[in-house]
Structure formats: structure tokens, C-alpha cells
$ cat coords05.pdb   # PDB, C-alpha atoms, pLDDT in the B column
ATOM      1  CA  MET A   1      85.037 109.722 104.602  1.00 95.00           C
ATOM      2  CA  LEU A   2      81.744 107.948 105.220  1.00 97.00           C
ATOM      3  CA  ILE A   3      78.213 108.463 103.913  1.00 98.00           C
ATOM      4  CA  SER A   4      75.560 106.385 105.644  1.00 97.00           C
ATOM      5  CA  ASN A   5      72.244 106.281 103.840  1.00 96.00           C
ATOM      6  CA  THR A   6      71.139 103.762 106.451  1.00 94.00           C
ATOM      7  CA  TYR A   7      71.532 106.166 109.381  1.00 97.00           C
ATOM      8  CA  ARG A   8      71.676 109.397 107.370  1.00 97.00           C
ATOM      9  CA  PHE A   9      75.036 110.753 108.403  1.00 98.00           C
ATOM     10  CA  ILE A  10      78.204 112.003 106.747  1.00 98.00           C
ATOM     11  CA  PHE A  11      81.560 111.750 108.513  1.00 98.00           C
ATOM     12  CA  ILE A  12      84.175 114.271 107.383  1.00 98.00           C
ATOM     13  CA  LYS A  13      87.656 113.043 108.231  1.00 97.00           C
ATOM     14  CA  THR A  14      90.339 115.403 109.523  1.00 97.00           C
ATOM     15  CA  VAL A  15      94.043 114.749 110.156  1.00 95.00           C
ATOM     16  CA  LYS A  16      95.486 113.262 113.368  1.00 95.00           C
ATOM     17  CA  THR A  17      92.121 112.964 115.131  1.00 95.00           C
ATOM     18  CA  ALA A  18      91.745 109.152 115.177  1.00 93.00           C
ATOM     19  CA  GLY A  19      89.834 109.466 111.894  1.00 94.00           C
ATOM     20  CA  THR A  20      91.049 106.168 110.475  1.00 93.00           C
ATOM     21  CA  SER A  21      90.166 104.306 113.676  1.00 93.00           C
ATOM     22  CA  ILE A  22      86.716 105.932 113.632  1.00 95.00           C
ATOM     23  CA  GLU A  23      86.225 104.881 110.014  1.00 94.00           C
ATOM     24  CA  VAL A  24      87.232 101.285 110.748  1.00 93.00           C
ATOM     25  CA  ASP A  25      84.746 100.963 113.598  1.00 94.00           C
ATOM     26  CA  LEU A  26      81.890 102.927 112.019  1.00 94.00           C
ATOM     27  CA  SER A  27      82.264 101.054 108.737  1.00 92.00           C
ATOM     28  CA  LYS A  28      81.071  97.926 110.568  1.00 91.00           C
ATOM     29  CA  ILE A  29      77.589  99.408 111.025  1.00 92.00           C
ATOM     30  CA  MET A  30      77.377 100.715 107.465  1.00 92.00           C
ATOM     31  CA  GLY A  31      74.931  99.089 105.052  1.00 92.00           C
ATOM     32  CA  ASP A  32      75.733  97.516 101.706  1.00 92.00           C
ATOM     33  CA  GLY A  33      74.499 100.645  99.923  1.00 94.00           C
ATOM     34  CA  ASP A  34      76.519 103.100 102.025  1.00 97.00           C
ATOM     35  CA  THR A  35      79.757 104.811 101.015  1.00 97.00           C
ATOM     36  CA  VAL A  36      83.056 103.831 102.644  1.00 96.00           C
ATOM     37  CA  THR A  37      86.199 105.301 101.098  1.00 96.00           C
ATOM     38  CA  PRO A  38      89.512 103.402 100.875  1.00 94.00           C
ATOM     39  CA  ILE A  39      92.258 104.002 103.432  1.00 92.00           C
ATOM     40  CA  LEU A  40      95.976 103.341 103.200  1.00 86.00           C
ATOM     41  CA  PRO A  41      97.331 101.136 104.507  1.00 84.00           C
ATOM     42  CA  ALA A  42      94.306  98.856 104.494  1.00 86.00           C
ATOM     43  CA  GLU A  43      92.956  97.987 107.942  1.00 87.00           C
ATOM     44  CA  GLU A  44      91.347  94.736 109.019  1.00 85.00           C
ATOM     45  CA  GLY A  45      87.576  95.081 109.305  1.00 84.00           C
ATOM     46  CA  HIS A  46      87.408  98.067 106.952  1.00 91.00           C
ATOM     47  CA  VAL A  47      85.766  97.261 103.606  1.00 92.00           C
ATOM     48  CA  PRO A  48      85.627 100.139 101.057  1.00 95.00           C
ATOM     49  CA  ARG A  49      82.454 100.239  98.970  1.00 95.00           C
ATOM     50  CA  ASN A  50      80.321 102.456  96.763  1.00 96.00           C
ATOM     51  CA  TYR A  51      82.923 105.213  96.587  1.00 96.00           C
ATOM     52  CA  LYS A  52      82.929 105.487  92.799  1.00 95.00           C
ATOM     53  CA  PHE A  53      80.145 107.528  91.220  1.00 91.00           C
ATOM     54  CA  GLN A  54      78.771 108.968  88.004  1.00 86.00           C
ATOM     55  CA  LEU A  55      77.356 112.479  87.710  1.00 82.00           C
ATOM     56  CA  ARG A  56      75.071 113.471  84.859  1.00 76.00           C
ATOM     57  CA  ARG A  57      75.120 117.148  83.955  1.00 72.00           C
ATOM     58  CA  GLY A  58      72.902 117.711  80.949  1.00 70.00           C
ATOM     59  CA  GLN A  59      74.198 115.431  78.227  1.00 71.00           C
ATOM     60  CA  GLN A  60      77.543 114.919  79.951  1.00 77.00           C
ATOM     61  CA  VAL A  61      78.342 112.067  82.350  1.00 80.00           C
ATOM     62  CA  ALA A  62      81.326 112.508  84.642  1.00 81.00           C
ATOM     63  CA  GLN A  63      82.934 109.717  86.619  1.00 88.00           C
ATOM     64  CA  GLY A  64      84.717 110.197  89.922  1.00 94.00           C
ATOM     65  CA  ALA A  65      85.294 108.809  93.380  1.00 95.00           C
ATOM     66  CA  PHE A  66      84.826 109.889  96.962  1.00 96.00           C
ATOM     67  CA  TYR A  67      88.161 109.819  98.760  1.00 96.00           C
ATOM     68  CA  ASN A  68      89.853 109.907 102.132  1.00 94.00           C
ATOM     69  CA  HIS A  69      89.909 113.343 103.845  1.00 95.00           C
ATOM     70  CA  MET A  70      87.443 114.758 101.316  1.00 97.00           C
ATOM     71  CA  PRO A  71      86.251 118.285 102.218  1.00 98.00           C
ATOM     72  CA  ALA A  72      82.596 118.755 103.096  1.00 98.00           C
ATOM     73  CA  ALA A  73      82.130 121.330 100.326  1.00 98.00           C
ATOM     74  CA  GLU A  74      83.245 118.803  97.734  1.00 96.00           C
ATOM     75  CA  VAL A  75      80.976 116.120  99.186  1.00 97.00           C
ATOM     76  CA  ARG A  76      78.061 118.562  99.001  1.00 97.00           C
ATOM     77  CA  SER A  77      78.777 119.331  95.349  1.00 94.00           C
ATOM     78  CA  ILE A  78      78.524 115.620  94.515  1.00 94.00           C
ATOM     79  CA  VAL A  79      75.617 114.405  96.660  1.00 95.00           C
ATOM     80  CA  GLY A  80      73.626 117.615  96.167  1.00 94.00           C
ATOM     81  CA  PRO A  81      72.115 120.001  98.718  1.00 95.00           C
ATOM     82  CA  ARG A  82      68.992 117.907  99.356  1.00 96.00           C
ATOM     83  CA  ILE A  83      70.935 114.943 100.734  1.00 96.00           C
ATOM     84  CA  PHE A  84      73.737 117.000 102.240  1.00 97.00           C
ATOM     85  CA  ASP A  85      71.445 119.322 104.167  1.00 97.00           C
ATOM     86  CA  SER A  86      69.183 116.520 105.430  1.00 98.00           C
ATOM     87  CA  TYR A  87      71.976 114.230 106.682  1.00 98.00           C
ATOM     88  CA  PHE A  88      73.739 114.733 110.016  1.00 98.00           C
ATOM     89  CA  LYS A  89      77.315 115.817 109.340  1.00 98.00           C
ATOM     90  CA  PHE A  90      80.123 115.633 111.863  1.00 98.00           C
ATOM     91  CA  THR A  91      83.884 115.798 112.162  1.00 98.00           C
ATOM     92  CA  VAL A  92      86.552 115.692 114.859  1.00 98.00           C
ATOM     93  CA  GLU A  93      89.069 118.292 115.981  1.00 98.00           C
ATOM     94  CA  ARG A  94      91.916 118.173 118.481  1.00 97.00           C
ATOM     95  CA  GLU A  95      93.789 120.600 120.708  1.00 98.00           C
ATOM     96  CA  PRO A  96      96.244 122.236 118.270  1.00 98.00           C
ATOM     97  CA  VAL A  97      99.541 121.507 120.040  1.00 97.00           C
ATOM     98  CA  SER A  98      98.609 117.875 120.655  1.00 96.00           C
ATOM     99  CA  LYS A  99      97.515 117.587 117.043  1.00 97.00           C
ATOM    100  CA  CYS A 100     100.816 119.002 115.808  1.00 97.00           C
ATOM    101  CA  ILE A 101     102.878 116.700 118.043  1.00 96.00           C
ATOM    102  CA  SER A 102     100.974 113.737 116.616  1.00 95.00           C
ATOM    103  CA  HIS A 103     101.489 115.046 113.072  1.00 95.00           C
ATOM    104  CA  TYR A 104     105.194 115.637 113.650  1.00 95.00           C
ATOM    105  CA  SER A 105     105.632 112.171 115.178  1.00 94.00           C
ATOM    106  CA  MET A 106     103.969 110.609 112.139  1.00 92.00           C
ATOM    107  CA  LEU A 107     106.212 112.522 109.742  1.00 92.00           C
ATOM    108  CA  LYS A 108     109.284 111.434 111.661  1.00 91.00           C
ATOM    109  CA  ASN A 109     108.463 107.865 112.645  1.00 89.00           C
ATOM    110  CA  SER A 110     105.872 106.390 110.271  1.00 84.00           C
ATOM    111  CA  PRO A 111     107.459 104.321 107.478  1.00 79.00           C
ATOM    112  CA  LEU A 112     104.680 105.499 105.152  1.00 77.00           C
ATOM    113  CA  HIS A 113     105.423 109.180 105.747  1.00 77.00           C
ATOM    114  CA  ASN A 114     109.070 109.635 106.762  1.00 76.00           C
ATOM    115  CA  LYS A 115     110.935 109.035 103.521  1.00 80.00           C
ATOM    116  CA  LYS A 116     112.196 112.656 103.558  1.00 81.00           C
ATOM    117  CA  THR A 117     111.439 113.632 107.149  1.00 86.00           C
ATOM    118  CA  GLU A 118     113.039 110.915 109.290  1.00 84.00           C
ATOM    119  CA  ALA A 119     115.615 113.386 110.657  1.00 86.00           C
ATOM    120  CA  LEU A 120     113.150 116.268 111.072  1.00 92.00           C
ATOM    121  CA  SER A 121     113.517 118.059 114.406  1.00 95.00           C
ATOM    122  CA  TRP A 122     110.580 119.483 116.336  1.00 97.00           C
ATOM    123  CA  GLU A 123     112.166 122.936 116.129  1.00 97.00           C
ATOM    124  CA  ASP A 124     112.381 122.761 112.333  1.00 96.00           C
ATOM    125  CA  TYR A 125     108.836 121.413 112.124  1.00 96.00           C
ATOM    126  CA  VAL A 126     107.486 124.405 114.051  1.00 97.00           C
ATOM    127  CA  GLU A 127     109.645 126.831 112.098  1.00 96.00           C
ATOM    128  CA  ASN A 128     108.415 125.403 108.762  1.00 95.00           C
ATOM    129  CA  GLY A 129     104.835 125.974 109.892  1.00 95.00           C
ATOM    130  CA  ARG A 130     103.325 123.174 107.795  1.00 95.00           C
ATOM    131  CA  PHE A 131     100.771 122.270 110.426  1.00 97.00           C
ATOM    132  CA  PRO A 132      97.720 119.992 110.024  1.00 97.00           C
ATOM    133  CA  VAL A 133      95.237 122.861 109.774  1.00 97.00           C
ATOM    134  CA  ASP A 134      91.905 121.334 108.791  1.00 97.00           C
ATOM    135  CA  HIS A 135      89.261 124.066 108.809  1.00 98.00           C
ATOM    136  CA  GLY A 136      89.052 123.789 105.025  1.00 97.00           C
ATOM    137  CA  LYS A 137      87.606 120.302 105.501  1.00 98.00           C
ATOM    138  CA  TYR A 138      84.488 121.579 107.310  1.00 98.00           C
ATOM    139  CA  LEU A 139      84.132 125.242 106.275  1.00 98.00           C
ATOM    140  CA  ASP A 140      83.177 126.557 102.862  1.00 96.00           C
ATOM    141  CA  ALA A 141      85.160 129.212 101.015  1.00 94.00           C
ATOM    142  CA  ASP A 142      83.230 131.957 102.834  1.00 95.00           C
ATOM    143  CA  GLY A 143      84.046 130.512 106.251  1.00 95.00           C
ATOM    144  CA  THR A 144      80.582 129.053 106.856  1.00 97.00           C
ATOM    145  CA  LEU A 145      80.444 125.883 108.951  1.00 98.00           C
ATOM    146  CA  LEU A 146      79.235 122.949 106.839  1.00 98.00           C
ATOM    147  CA  VAL A 147      78.985 120.286 109.549  1.00 98.00           C
ATOM    148  CA  ASP A 148      76.380 119.998 112.280  1.00 98.00           C
ATOM    149  CA  ARG A 149      78.828 119.110 115.008  1.00 98.00           C
ATOM    150  CA  ILE A 150      82.564 119.280 115.651  1.00 98.00           C
ATOM    151  CA  ILE A 151      83.344 116.748 118.332  1.00 96.00           C
ATOM    152  CA  LYS A 152      86.561 116.857 120.321  1.00 97.00           C
ATOM    153  CA  TYR A 153      89.259 114.221 120.211  1.00 96.00           C
ATOM    154  CA  GLU A 154      89.617 114.537 123.977  1.00 96.00           C
ATOM    155  CA  THR A 155      86.003 113.392 124.532  1.00 95.00           C
ATOM    156  CA  LEU A 156      85.803 111.244 121.417  1.00 95.00           C
ATOM    157  CA  ASN A 157      84.038 108.142 122.687  1.00 95.00           C
ATOM    158  CA  ASP A 158      81.442 109.991 124.754  1.00 95.00           C
ATOM    159  CA  ASP A 159      80.615 112.247 121.806  1.00 96.00           C
ATOM    160  CA  LEU A 160      80.448 109.380 119.321  1.00 96.00           C
ATOM    161  CA  ARG A 161      78.170 107.368 121.594  1.00 96.00           C
ATOM    162  CA  SER A 162      75.928 110.420 121.941  1.00 96.00           C
ATOM    163  CA  ILE A 163      75.721 110.829 118.153  1.00 96.00           C
ATOM    164  CA  ALA A 164      75.073 107.109 117.686  1.00 96.00           C
ATOM    165  CA  GLY A 165      72.201 107.286 120.146  1.00 96.00           C
ATOM    166  CA  GLU A 166      70.687 110.233 118.309  1.00 96.00           C
ATOM    167  CA  LEU A 167      70.983 108.456 114.961  1.00 96.00           C
ATOM    168  CA  GLY A 168      69.653 105.140 116.178  1.00 95.00           C
ATOM    169  CA  PHE A 169      72.556 102.715 116.326  1.00 94.00           C
ATOM    170  CA  ALA A 170      74.736 101.275 119.075  1.00 92.00           C
ATOM    171  CA  PHE A 171      78.397 102.291 119.232  1.00 91.00           C
ATOM    172  CA  PRO A 172      80.478 101.042 122.179  1.00 88.00           C
ATOM    173  CA  GLY A 173      83.433 103.276 121.345  1.00 87.00           C
ATOM    174  CA  VAL A 174      86.543 103.335 119.174  1.00 90.00           C
ATOM    175  CA  THR A 175      88.425 100.051 119.450  1.00 86.00           C
ATOM    176  CA  ALA A 176      90.657 100.172 116.364  1.00 75.00           C
ATOM    177  CA  GLN A 177      94.215 101.419 116.843  1.00 74.00           C
ATOM    178  CA  ALA A 178      94.995 102.443 113.274  1.00 68.00           C
ATOM    179  CA  LYS A 179      98.205 104.367 112.612  1.00 68.00           C
ATOM    180  CA  SER A 180      99.121 104.483 116.297  1.00 67.00           C
ATOM    181  CA  GLY A 181     102.437 103.975 118.081  1.00 70.00           C
ATOM    182  CA  PHE A 182     104.439 106.803 116.517  1.00 77.00           C
ATOM    183  CA  ARG A 183     103.910 109.606 119.065  1.00 79.00           C
ATOM    184  CA  GLU A 184     106.911 111.156 120.790  1.00 84.00           C
ATOM    185  CA  ALA A 185     107.088 113.127 124.044  1.00 88.00           C
ATOM    186  CA  ILE A 186     107.832 116.731 123.046  1.00 93.00           C
ATOM    187  CA  ALA A 187     108.739 119.707 125.233  1.00 94.00           C
ATOM    188  CA  VAL A 188     106.880 122.682 123.751  1.00 96.00           C
ATOM    189  CA  THR A 189     108.009 126.216 124.500  1.00 97.00           C
ATOM    190  CA  PRO A 190     105.521 129.072 125.040  1.00 97.00           C
ATOM    191  CA  ALA A 191     106.681 130.669 121.780  1.00 97.00           C
ATOM    192  CA  GLN A 192     106.093 127.447 119.854  1.00 98.00           C
ATOM    193  CA  ARG A 193     102.667 127.064 121.422  1.00 98.00           C
ATOM    194  CA  GLN A 194     101.795 130.612 120.412  1.00 98.00           C
ATOM    195  CA  ARG A 195     102.940 130.003 116.827  1.00 98.00           C
ATOM    196  CA  ILE A 196     100.829 126.871 116.554  1.00 98.00           C
ATOM    197  CA  TYR A 197      97.713 128.507 117.966  1.00 98.00           C
ATOM    198  CA  GLU A 198      98.102 131.427 115.571  1.00 98.00           C
ATOM    199  CA  ALA A 199      98.110 128.978 112.656  1.00 98.00           C
ATOM    200  CA  PHE A 200      94.841 127.472 113.934  1.00 98.00           C
ATOM    201  CA  ARG A 201      93.132 130.808 114.610  1.00 97.00           C
ATOM    202  CA  ILE A 202      90.270 130.188 112.150  1.00 97.00           C
ATOM    203  CA  SER A 203      89.358 126.786 113.554  1.00 97.00           C
ATOM    204  CA  LEU A 204      89.550 128.076 117.145  1.00 97.00           C
ATOM    205  CA  GLY A 205      86.415 130.104 116.543  1.00 95.00           C
ATOM    206  CA  PHE A 206      84.516 126.849 116.025  1.00 96.00           C
ATOM    207  CA  THR A 207      86.311 124.427 118.360  1.00 96.00           C
ATOM    208  CA  GLY A 208      86.615 126.541 121.498  1.00 93.00           C
ATOM    209  CA  TYR A 209      90.209 125.566 122.253  1.00 96.00           C
ATOM    210  CA  ARG A 210      92.118 128.315 124.031  1.00 94.00           C
ATOM    211  CA  LEU A 211      95.826 129.000 124.470  1.00 88.00           C
TER     212      LEU A 211
END

$ encode --input "coords05.pdb" --output "C-alpha cells"
Amino acid sequence: MLISNTYRFIFIKTVKTAGTSIEVDLSKIMGDGDTVTPILPAEEGHVPRNYKFQLRRGQQVAQGAFYNHMPAAEVRSIVGPRIFDSYFKFTVEREPVSKCISHYSMLKNSPLHNKKTEALSWEDYVENGRFPVDHGKYLDADGTLLVDRIIKYETLNDDLRSIAGELGFAFPGVTAQAKSGFREAIAVTPAQRQRIYEAFRISLGFTGYRL
């Protein structure tokens, strides 16, 4: 998750949408006073900063920290509506089946994630239904969209360059390859595709992906 006071934007990070790579590259244009949350494993060129905070509520002072994959509603509760509403907020989504294949491949092949899932089959993954559904990251509890733009993974660089131009900084495109190299080729049946799209039905109303 990123908060740029320099360029007045907030990046809400979703799962399996090149979010870590985006953070690595965008963090390079962030100012010393901007917020960059830690990522694991650490990536070269990514320097976390200003992610710890104090909140004063009356006579009470609470300490906390912004964190990776933090929902927009939680960010808003910390920075306050004045900053949240005035900053440009964006996130990334991905075609649901492609997103699930990437998620499954990570669970099976990534040494950081496969301690109990190394032998997981695609069929069992779909049957379990624990998909990377992320609408809770960018909708509030009432289903209201909290970000200004949901860009698509499939047009990631074009969309990011467009946003950078609007905000006033140069961005050549995503160059980092964080957490890559785990994806498998999966044959997806029509029934599996239908099950996945049903799980993503809420986000589909905002992303425009269609079965």
C-alpha cells in the first residue's frame, strides 16, 4: 500500500495483480515524507518508510502501522476523510480465472506459501473455493466503491502511464518482476470457470469482466 503526499495518490494493493511489482517501481518516485509499506520478501529498490503512525483521539494516543494489502476503508479511517477524499485512489483487478490460476500456482510452487499446499491439485483448489476475491479491499461494508479507478491487469502499463500523466510524474511502466515464475498452465473446464466467476460476482459489477 502506498500513500503519496507528493503526488496525492493512494494505491490499494490487491492479490495476484502485479501489486508488489507496482509498489517496487512506484516507490522510486515517492518522496521522503510519503508512506511505503513493507513487503515480504524484501525487494531490491523498495524502501519502506513512514508506515508507522500515532492517532490521537481525545486524551488517548493509539499507535499502529499501515500494512501490505490494507483495505481502503481502513486507510480512510486512519488518514481521515479530508485527505482520503482529496487524493486520487486506485487499485488493480484481473480477469478472475487468470487471477485464480496465478493464486493457485503461488500456493503450489512458491516456497513462501506452499508449506501445506505443495501437493494441492487444481481440482481441489476450485472445489475448496478459497479464491483471491478482493472487492473488500476497495468497497466499503455497504458495497460503495472507495477508489477512483480500478485499472485492469491486462492493460496495466497503459493505465499506469495514463494515471502518472494525470498526476504529474513520469512512469515508463512496470519493470520489477516480484514474485514471478510460479505460474502453471492449467486446463479450466466450463464448470470450473462458472464457479470462479460466481465467487467474483460482486467485483464483476465494477470491473466489467464477463464470463

$ residues_around --input "coords05.pdb" --residues "stretch 123-127 of chain A" --least-positions-apart "5" --cutoff "12 Å" --atoms "all atoms listed in the file" --output "JSON, numbers by chain"
{"A": [97, 100, 101, 102, 103, 104, 105, 106, 107, 108, 117, 118, 132, 186, 187, 188, 189, 191, 192, 193, 194, 195, 196, 197, 198, 199]}

$ resolve_selection --input "coords05.pdb" --expression "the PyMOL selection byres ((chain A and resi 161) around 12)" --output "PDB file with C-alpha atoms, in the frame of the given file"
ATOM      1  CA  ILE A  22      86.716 105.932 113.632  1.00 95.00           C
ATOM      2  CA  LEU A  26      81.890 102.927 112.019  1.00 94.00           C
ATOM      3  CA  ILE A 151      83.344 116.748 118.332  1.00 96.00           C
ATOM      4  CA  THR A 155      86.003 113.392 124.532  1.00 95.00           C
ATOM      5  CA  LEU A 156      85.803 111.244 121.417  1.00 95.00           C
ATOM      6  CA  ASN A 157      84.038 108.142 122.687  1.00 95.00           C
ATOM      7  CA  ASP A 158      81.442 109.991 124.754  1.00 95.00           C
ATOM      8  CA  ASP A 159      80.615 112.247 121.806  1.00 96.00           C
ATOM      9  CA  LEU A 160      80.448 109.380 119.321  1.00 96.00           C
ATOM     10  CA  SER A 162      75.928 110.420 121.941  1.00 96.00           C
ATOM     11  CA  ILE A 163      75.721 110.829 118.153  1.00 96.00           C
ATOM     12  CA  ALA A 164      75.073 107.109 117.686  1.00 96.00           C
ATOM     13  CA  GLY A 165      72.201 107.286 120.146  1.00 96.00           C
ATOM     14  CA  GLU A 166      70.687 110.233 118.309  1.00 96.00           C
ATOM     15  CA  LEU A 167      70.983 108.456 114.961  1.00 96.00           C
ATOM     16  CA  GLY A 168      69.653 105.140 116.178  1.00 95.00           C
ATOM     17  CA  PHE A 169      72.556 102.715 116.326  1.00 94.00           C
ATOM     18  CA  ALA A 170      74.736 101.275 119.075  1.00 92.00           C
ATOM     19  CA  PHE A 171      78.397 102.291 119.232  1.00 91.00           C
ATOM     20  CA  PRO A 172      80.478 101.042 122.179  1.00 88.00           C
ATOM     21  CA  GLY A 173      83.433 103.276 121.345  1.00 87.00           C
ATOM     22  CA  VAL A 174      86.543 103.335 119.174  1.00 90.00           C
TER      23      VAL A 174
END

$ resolve_selection --input "coords05.pdb" --expression "the PyMOL selection byres ((chain A and resi 29-45) around 7)" --output "number ranges by chain"
A: 1-6, 24, 26-28, 46-51, 66-68

$ resolve_selection --input "coords05.pdb" --expression "the PyMOL selection byres ((chain A and resi 72) around 6)" --output "PyMOL selection string"
chain A and resi 71+73-75+137-138

$ closest_residue --input "coords05.pdb" --among "A:Val61, A:Ser98, A:Phe200, A:Pro111" --to "A:Gly129" --atoms "all atoms listed in the file"
A:Phe200

$ atom_distance --input "coords05.pdb" --atom1 "atom CA of A:Arg8" --atom2 "atom CA of A:Ser86"
7.8 Å

$ atom_distance --input "coords05.pdb" --atom1 "atom CA of A:Arg149" --atom2 "atom CA of A:Gly205"
13.4 Å

$ closest_residue --input "coords05.pdb" --among "A:Val147, A:Arg201, A:Pro190, A:Asp134" --to "A:Arg94" --atoms "all atoms listed in the file"
A:Asp134

$ atom_distance --input "coords05.pdb" --atom1 "atom CA of A:Ala62" --atom2 "atom CA of A:Leu146"
24.6 Å

$ closest_residue --input "coords05.pdb" --among "A:Lys52, A:Lys89, A:Arg76, A:Arg57" --to "A:Ile10" --atoms "all atoms listed in the file"
A:Lys89

$ closest_residue --input "coords05.pdb" --among "A:Ser110, A:Gln177, A:Ser121, A:Thr91" --to "A:Leu139" --atoms "all atoms listed in the file"
A:Thr91

$ closest_residue --input "coords05.pdb" --among "A:Ala176, A:Ile78, A:Gly143, A:Glu95" --to "A:Tyr209" --atoms "all atoms listed in the file"
A:Glu95
